[in-house]
Amino acid sequence: MTEAIDRGCHRAGERVFVFFRADDIGIPSSRFQLLIDTFIRQRIPLCLAAVPSWVTGRRFSQLCRITGRNSSQWCWHQHGRVHRNFEPYGKKQEFGPCRSREDIFTSLQHGKWRLEEIMGKEFQPFFTPPWNRCSTATMEALVQLHFSALSRNRNAVPETIDTLPDFQVDVDLHTRKEISPSQGFENLLAELEESISSGQCGIMIHHQRMNKKSFELLELLLIAIKSRGQLTPVLFQEMLSTWVHGAAVPL
């Protein structure tokens with residue numbers, strides 16, 4: 001893994017932004033505890049994509065007992081509304097083309113209101129669509145609702161609109177589809193190298209799918225990133241301040 005990281009650094013510029021995004025957040029669990037403990041131990045920031053319908057006041061209090069409140073290490077933000085597929089055919093989407101503009105806007109708005117009420121000042125106006133997919137109408141609604149940016153897969157379609165930055169992930173740690181574990185690991189390393197070489201590396205995590213070995217791999221990755229001064233771990237807020245013409249530009 002360290003060799004892939006070093007190759008990516010060699011191909012990149014002087015500074016590379018790296019961000020981690022953990023999806024499907026909202027229910028306290030032992031695996032969530034392990035995830036947060038790992039990031040706290042290595043002092044690496046993490047963007048937490050919370051599903052509004054999963055989050056209650058009680059659950060958020062439990063989550064905050066794990067993360068600690070008012071921490072600059074986290075970016076609590078919105079992950080869909082109910083995390084349910086609304087498309088009758090094709091790939092899964094909660095905010096896809098089959099839903100009306102009005103339905104999309106209302107769903108996003110209610111999700112945002114819920115998280116703002118429960119999370120207060122901890123909530124950040126960023127949006128991660130379930131399955132990393134959403135329609136142009138969704139992006140337009142996000143702008144109307146004063147979201148600052150969204151986060152999808154690298155080269156996601158449709159393209160983002162000019163007024164809405166898209167902080168894209170391109171390294172998937174835990175939802176791989178390769179049949180062979182060795183092939184999956186090789187592809188993961190290739191993704192990591194290519195992503196770092198681009199100057200902006202987005203890494204997606206699903207803690208519910210992680211086992212002991214997964215957490216060990218994650219910690220090794222965090223240690224490797226932390227030990228390379230060329231790599232700068234950031235939150236969405238920090239990337240937003242350097243967004244220029246469709247990319248976060250390292251200063």
# chains A, B, ... in the order shown; residues from 1 in each chain; ligands from 1
call {"tool": "select_by_dssp", "arguments": {"residues": "segment 1-209 of chain A", "states": "alpha helix (DSSP H)", "output": "ChimeraX atom specification"}}
result
/A:2-11,30-42,57-67,101-119,136-144,181-197
call {"tool": "residues_around", "arguments": {"residues": "segment 203-220 of chain A", "least_positions_apart": "6", "cutoff": "6 Å", "atoms": "only C-alpha atoms", "output": "list in words"}}
result
Phe20, Arg21, Ala22, Asp23, Val169, Val171, Asp172 and Leu173 of chain A
call {"tool": "residues_around", "arguments": {"residues": "His110 of chain A", "least_positions_apart": "4", "cutoff": "10 Å", "atoms": "only C-alpha atoms", "output": "PyMOL selection string"}}
result
chain A and resi 52-53+81+105-106+114-116
call {"tool": "write_last_selection", "arguments": {"atoms": "N, CA and C atoms", "output": "PDB file, in the first residue's frame"}}
result
ATOM      1  N   PRO A  52     -31.136  11.496   7.313  1.00  0.00           N
ATOM      2  CA  PRO A  52     -32.048  12.218   8.211  1.00  0.00           C
ATOM      3  C   PRO A  52     -33.086  11.342   8.894  1.00  0.00           C
ATOM      4  N   SER A  53     -33.692  10.408   8.164  1.00  0.00           N
ATOM      5  CA  SER A  53     -34.752   9.600   8.772  1.00  0.00           C
ATOM      6  C   SER A  53     -34.223   8.624   9.811  1.00  0.00           C
ATOM      7  N   ARG A  81     -32.517  11.373   2.210  1.00  0.00           N
ATOM      8  CA  ARG A  81     -33.599  11.674   3.155  1.00  0.00           C
ATOM      9  C   ARG A  81     -34.008  10.408   3.904  1.00  0.00           C
ATOM     10  N   PHE A 105     -37.407  18.512  -4.163  1.00  0.00           N
ATOM     11  CA  PHE A 105     -37.160  19.702  -3.342  1.00  0.00           C
ATOM     12  C   PHE A 105     -37.707  19.505  -1.930  1.00  0.00           C
ATOM     13  N   THR A 106     -38.938  19.023  -1.842  1.00  0.00           N
ATOM     14  CA  THR A 106     -39.555  18.837  -0.531  1.00  0.00           C
ATOM     15  C   THR A 106     -38.800  17.815   0.314  1.00  0.00           C
ATOM     16  N   ARG A 114     -34.677  18.641   9.392  1.00  0.00           N
ATOM     17  CA  ARG A 114     -34.574  17.662  10.483  1.00  0.00           C
ATOM     18  C   ARG A 114     -33.161  17.648  11.076  1.00  0.00           C
ATOM     19  N   LEU A 115     -32.160  17.600  10.198  1.00  0.00           N
ATOM     20  CA  LEU A 115     -30.784  17.555  10.694  1.00  0.00           C
ATOM     21  C   LEU A 115     -30.389  18.871  11.361  1.00  0.00           C
ATOM     22  N   GLU A 116     -30.855  19.993  10.824  1.00  0.00           N
ATOM     23  CA  GLU A 116     -30.555  21.282  11.453  1.00  0.00           C
ATOM     24  C   GLU A 116     -31.165  21.356  12.853  1.00  0.00           C
TER      25      GLU A 116
END
call {"tool": "closest_residue", "arguments": {"among": "A:Ile161, A:Ala149, A:Ile66, A:Leu189", "to": "Leu35 of chain A", "atoms": "only C-alpha atoms"}}
result
A:Ile66
call {"tool": "residues_around", "arguments": {"residues": "Asn187 of chain A", "least_positions_apart": "3", "cutoff": "10 Å", "atoms": "only C-alpha atoms", "output": "PyMOL selection string"}}
result
chain A and resi 171-172+176+178+181-184+190-193
call {"tool": "atom_distance", "arguments": {"atom1": "atom CA of Ala4 of chain A", "atom2": "atom CA of Pro129 of chain A"}}
result
29.1 Å
call {"tool": "residues_around", "arguments": {"residues": "Glu14 of chain A", "least_positions_apart": "5", "cutoff": "12 Å", "atoms": "only C-alpha atoms", "output": "PyMOL selection string"}}
result
chain A and resi 8-9+196-200+228-232+249-251
